[in-house]
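Source file: entry_29.tsv; contents: TSV, C-alpha atoms.
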chain	number	residue	atom	x	y	z
M	1	MET	CA	-7.14	-41.48	-20.44
M	2	ASP	CA	-4.44	-38.82	-20.53
M	3	ILE	CA	-4.27	-37.56	-16.95
M	4	ILE	CA	-1.80	-34.82	-17.89
M	5	ALA	CA	-4.06	-33.32	-20.55
M	6	ASP	CA	-7.14	-33.36	-18.29
M	7	SER	CA	-9.08	-30.34	-19.55
M	8	GLU	CA	-10.98	-29.95	-16.27
M	9	ASN	CA	-7.84	-28.85	-14.43
M	10	LYS	CA	-7.23	-25.11	-14.45
M	11	ASN	CA	-4.27	-23.13	-13.22
M	12	ARG	CA	-5.69	-20.24	-11.19
M	13	VAL	CA	-2.95	-17.66	-10.66
M	14	ILE	CA	-2.91	-15.03	-7.92
M	15	VAL	CA	-0.19	-12.38	-8.14
M	16	LEU	CA	0.65	-10.66	-4.86
M	17	ILE	CA	1.28	-6.97	-5.36
M	18	ASN	CA	2.15	-4.11	-3.01
M	19	ASP	CA	1.70	-1.28	-5.48
M	20	ILE	CA	1.42	-0.56	-9.17
M	21	ASP	CA	5.14	-0.61	-9.97
M	22	LEU	CA	7.58	-2.41	-12.25
M	23	LEU	CA	7.71	-5.35	-9.86
M	24	ALA	CA	3.94	-5.83	-10.11
M	25	VAL	CA	3.91	-5.35	-13.89
M	26	GLN	CA	6.63	-7.94	-14.44
M	27	ALA	CA	4.90	-10.43	-12.14
M	28	LEU	CA	1.59	-9.91	-13.95
M	29	ARG	CA	3.28	-10.32	-17.35
M	30	PHE	CA	4.80	-13.59	-16.16
M	31	ALA	CA	1.42	-14.78	-14.87
M	32	LYS	CA	-0.09	-14.26	-18.32
M	33	THR	CA	2.44	-16.75	-19.72
M	34	ILE	CA	1.19	-19.56	-17.46
M	35	SER	CA	-2.56	-18.93	-17.24
M	36	ASP	CA	-5.52	-17.00	-18.58
M	37	ASP	CA	-7.11	-16.99	-15.12
M	38	ILE	CA	-5.21	-14.32	-13.18
M	39	THR	CA	-6.12	-12.21	-10.18
M	40	ALA	CA	-3.94	-9.54	-8.58
M	41	PHE	CA	-4.16	-9.46	-4.79
M	42	SER	CA	-3.06	-6.76	-2.38
M	43	VAL	CA	-3.46	-5.87	1.27
M	44	ALA	CA	-3.75	-2.19	2.20
M	45	LEU	CA	-3.17	-0.88	5.70
M	46	ASP	CA	-6.39	1.15	5.70
M	47	GLU	CA	-9.34	2.10	3.54
M	48	SER	CA	-7.73	5.25	2.12
M	49	ALA	CA	-4.68	3.25	0.98
M	50	ALA	CA	-7.04	0.70	-0.60
M	51	ILE	CA	-8.91	3.45	-2.46
M	52	SER	CA	-5.64	4.98	-3.66
M	53	LEU	CA	-4.38	1.61	-4.93
M	54	ARG	CA	-7.73	0.95	-6.64
M	55	MET	CA	-7.51	4.30	-8.45
M	56	ARG	CA	-3.97	3.54	-9.65
M	57	TRP	CA	-5.01	0.02	-10.69
M	58	ASN	CA	-7.88	1.38	-12.78
M	59	LYS	CA	-5.43	3.65	-14.66
M	60	ILE	CA	-3.35	0.77	-16.02
M	61	ASN	CA	-6.21	-0.46	-18.20
M	62	THR	CA	-5.98	-4.22	-17.75
M	63	ASP	CA	-8.58	-6.96	-17.83
M	64	ILE	CA	-6.95	-8.62	-14.80
M	65	PRO	CA	-9.12	-8.17	-11.70
M	66	CYS	CA	-7.50	-6.79	-8.57
M	67	VAL	CA	-8.71	-7.78	-5.12
M	68	ILE	CA	-7.72	-5.38	-2.35
M	69	ARG	CA	-8.30	-6.13	1.31
M	70	SER	CA	-7.78	-3.67	4.16
M	71	MET	CA	-5.84	-5.04	7.13
M	72	PRO	CA	-4.48	-2.65	9.77
M	73	ASP	CA	-1.67	-5.05	10.72
M	74	GLY	CA	-0.57	-5.48	7.10
M	75	GLY	CA	-0.77	-9.27	7.28
M	76	VAL	CA	-1.08	-10.90	3.86
M	77	VAL	CA	-1.45	-14.62	4.50
M	78	ASN	CA	-4.81	-14.73	6.32
M	79	PRO	CA	-6.65	-12.33	3.98
M	80	LEU	CA	-5.23	-14.22	0.99
M	81	LEU	CA	-6.34	-17.61	2.32
M	82	GLU	CA	-9.77	-16.19	3.18
M	83	PHE	CA	-10.06	-14.92	-0.40
M	84	ILE	CA	-9.03	-18.31	-1.84
M	85	GLU	CA	-11.66	-20.06	0.28
M	86	SER	CA	-14.37	-17.51	-0.55
M	87	ARG	CA	-17.13	-17.79	-3.12
M	88	GLU	CA	-15.59	-14.77	-4.82
M	89	PHE	CA	-12.59	-16.89	-5.92
M	90	ASP	CA	-14.79	-19.96	-6.49
M	91	TYR	CA	-12.16	-22.57	-7.24
M	92	LEU	CA	-12.76	-26.26	-7.77
M	93	PRO	CA	-10.82	-29.01	-5.97
M	94	SER	CA	-9.33	-30.01	-9.35
M	95	ASP	CA	-7.92	-26.50	-9.90
M	96	MET	CA	-4.27	-25.73	-9.32
M	97	ILE	CA	-3.67	-22.50	-7.41
M	98	THR	CA	-0.40	-20.78	-8.20
M	99	ILE	CA	0.69	-17.82	-6.12
M	100	VAL	CA	3.23	-15.57	-7.81
M	101	LEU	CA	5.28	-14.01	-5.03
M	102	PRO	CA	7.56	-11.24	-6.27
M	103	ARG	CA	10.77	-11.02	-4.24
M	104	LEU	CA	13.07	-8.01	-4.29
M	105	ILE	CA	16.75	-8.90	-4.55
M	106	ILE	CA	18.66	-5.91	-3.19
M	107	SER	CA	22.37	-5.39	-2.80
M	108	SER	CA	22.02	-3.72	0.62
M	109	ARG	CA	22.14	-6.37	3.36
M	110	TRP	CA	19.74	-4.50	5.64
M	111	HIS	CA	17.07	-3.90	2.99
M	112	SER	CA	17.58	-7.41	1.64
M	113	PHE	CA	16.96	-8.88	5.11
M	114	ILE	CA	13.69	-6.96	5.57
M	115	HIS	CA	12.24	-7.79	2.14
M	116	LYS	CA	13.39	-11.41	1.98
M	117	ASP	CA	12.25	-12.13	5.52
M	118	ARG	CA	8.67	-11.00	4.81
M	119	SER	CA	8.40	-12.80	1.48
M	120	ARG	CA	9.93	-15.96	2.94
M	121	TYR	CA	7.40	-15.88	5.78
M	122	ILE	CA	4.54	-15.59	3.26
M	123	GLU	CA	6.06	-18.39	1.19
M	124	ARG	CA	6.42	-20.72	4.18
M	125	GLN	CA	2.85	-20.11	5.32
M	126	LEU	CA	1.38	-20.71	1.86
M	127	LEU	CA	3.39	-23.90	1.32
M	128	LYS	CA	1.59	-25.45	4.28
M	129	ARG	CA	-1.40	-25.79	1.98
M	130	LYS	CA	-1.36	-28.81	-0.33
M	131	ASP	CA	-3.52	-27.09	-2.93
M	132	ILE	CA	-1.18	-24.10	-3.43
M	133	VAL	CA	1.95	-23.81	-5.56
M	134	VAL	CA	4.19	-20.83	-4.76
M	135	PHE	CA	6.34	-19.36	-7.50
M	136	VAL	CA	8.92	-16.92	-6.19
M	137	MET	CA	9.77	-14.36	-8.86
M	138	PRO	CA	13.07	-12.59	-8.21
M	139	PHE	CA	13.28	-8.92	-9.12
M	140	TYR	CA	16.79	-7.48	-9.12
M	141	LEU	CA	17.16	-3.80	-8.31
M	142	ALA	CA	20.02	-2.21	-10.19
M	143	TYR	CA	22.39	-0.10	-8.11
M	144	GLY	CA	19.96	0.22	-5.20
M	145	LYS	CA	17.25	2.02	-7.21
M	146	ALA	CA	13.77	1.51	-5.85
M	147	ALA	CA	11.05	-0.07	-7.96
M	148	GLN	CA	9.60	2.65	-10.14
M	149	GLU	CA	5.96	3.50	-9.83
M	150	ILE	CA	3.93	3.17	-13.02
M	151	GLU	CA	2.17	6.37	-14.01
Translate this file's structure into C-alpha cells.
Amino acid sequence: MDIIADSENKNRVIVLINDIDLLAVQALRFAKTISDDITAFSVALDESAAISLRMRWNKINTDIPCVIRSMPDGGVVNPLLEFIESREFDYLPSDMITIVLPRLIISSRWHSFIHKDRSRYIERQLLKRKDIVVFVMPFYLAYGKAAQEIE
C-alpha cells in the first residue's frame, strides 16, 4: 500500500483575505497550484463591511467560494476555527487543512511591525492545531505602495 498516494487524503485550502486586492489574488492563484478545494475566508468588522466585501467578491467572477464572518473585534482565529469545525466546511479527519496566510513585507518599520505582528499572532494560534498546516505567503510592496484594489 502506497501511503503517500492515498487517494482518500485531500488538501483543503483556506486563503485568508482582508479585501479583494492584489495580495488576495496572488494568494488565491497560489492556492490553485496546490489544491482544487479552495475557500477564501474573511472577517468583516460589521454587516455593512461584509456586504460590501461580498459585492466586490461577486464581481471577480471566480468559482472559489468566499466565507465572510462579521466580528466587531476583528478577530480572525476564532471565527476561522469555528468555520473549520462546522458542517459548512465538512472536512474528514484524513483531510489536510492548509491555511494560506498572506503577509505584507513593507519597508517601513512601523507598518511592518503592525502587519507582521497580526499575521504572526494568527500563525501561532493556528499552529497549535495538529490538523492545520500554515503557509505564510510573503507579499513585497514596492516603494511603500499599498496593495492595489481590484476593480
Taking 6 positions as the minimum chain separation for residues in the same chain, which residues sit within 12 Å of Leu92 (chain M) when counting only C-alpha atoms? Answer as a ChimeraX atom specification. /M:8-12,84-86,131
Store the residues picked out above, limited to C-alpha atoms, as a PDB file, in the frame of the given file.
ATOM      1  CA  GLU M   8     -10.980 -29.950 -16.270  1.00  0.00           C
ATOM      2  CA  ASN M   9      -7.840 -28.850 -14.430  1.00  0.00           C
ATOM      3  CA  LYS M  10      -7.230 -25.110 -14.450  1.00  0.00           C
ATOM      4  CA  ASN M  11      -4.270 -23.130 -13.220  1.00  0.00           C
ATOM      5  CA  ARG M  12      -5.690 -20.240 -11.190  1.00  0.00           C
ATOM      6  CA  ILE M  84      -9.030 -18.310  -1.840  1.00  0.00           C
ATOM      7  CA  GLU M  85     -11.660 -20.060   0.280  1.00  0.00           C
ATOM      8  CA  SER M  86     -14.370 -17.510  -0.550  1.00  0.00           C
ATOM      9  CA  ASP M 131      -3.520 -27.090  -2.930  1.00  0.00           C
TER      10      ASP M 131
END
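Taking CA of Leu141 (chain M) as the reference point, CA of Ala24 (chain M) is found at 13.5 Å.
Atom pair CA of Val136 (chain M) / CA of Ser52 (chain M): separated by 26.4 Å.
For the atom pair formed by CA of Lys32 (chain M) and CA of Val15 (chain M), the distance is 10.4 Å, given to one decimal.
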Please list as a ChimeraX atom specification every residue within 10 Å of Val67 (chain M), counting all atoms listed in the file and excluding residues in the same chain fewer than 4 positions away. /M:14,16,39-43,50,54,80,83,88-89
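Of the listed residues (M:Met71, M:Ile122, M:Met96, M:Ile60), M:Ile60 comes nearest to Ile20 (chain M); the distances count all atoms listed in the file.
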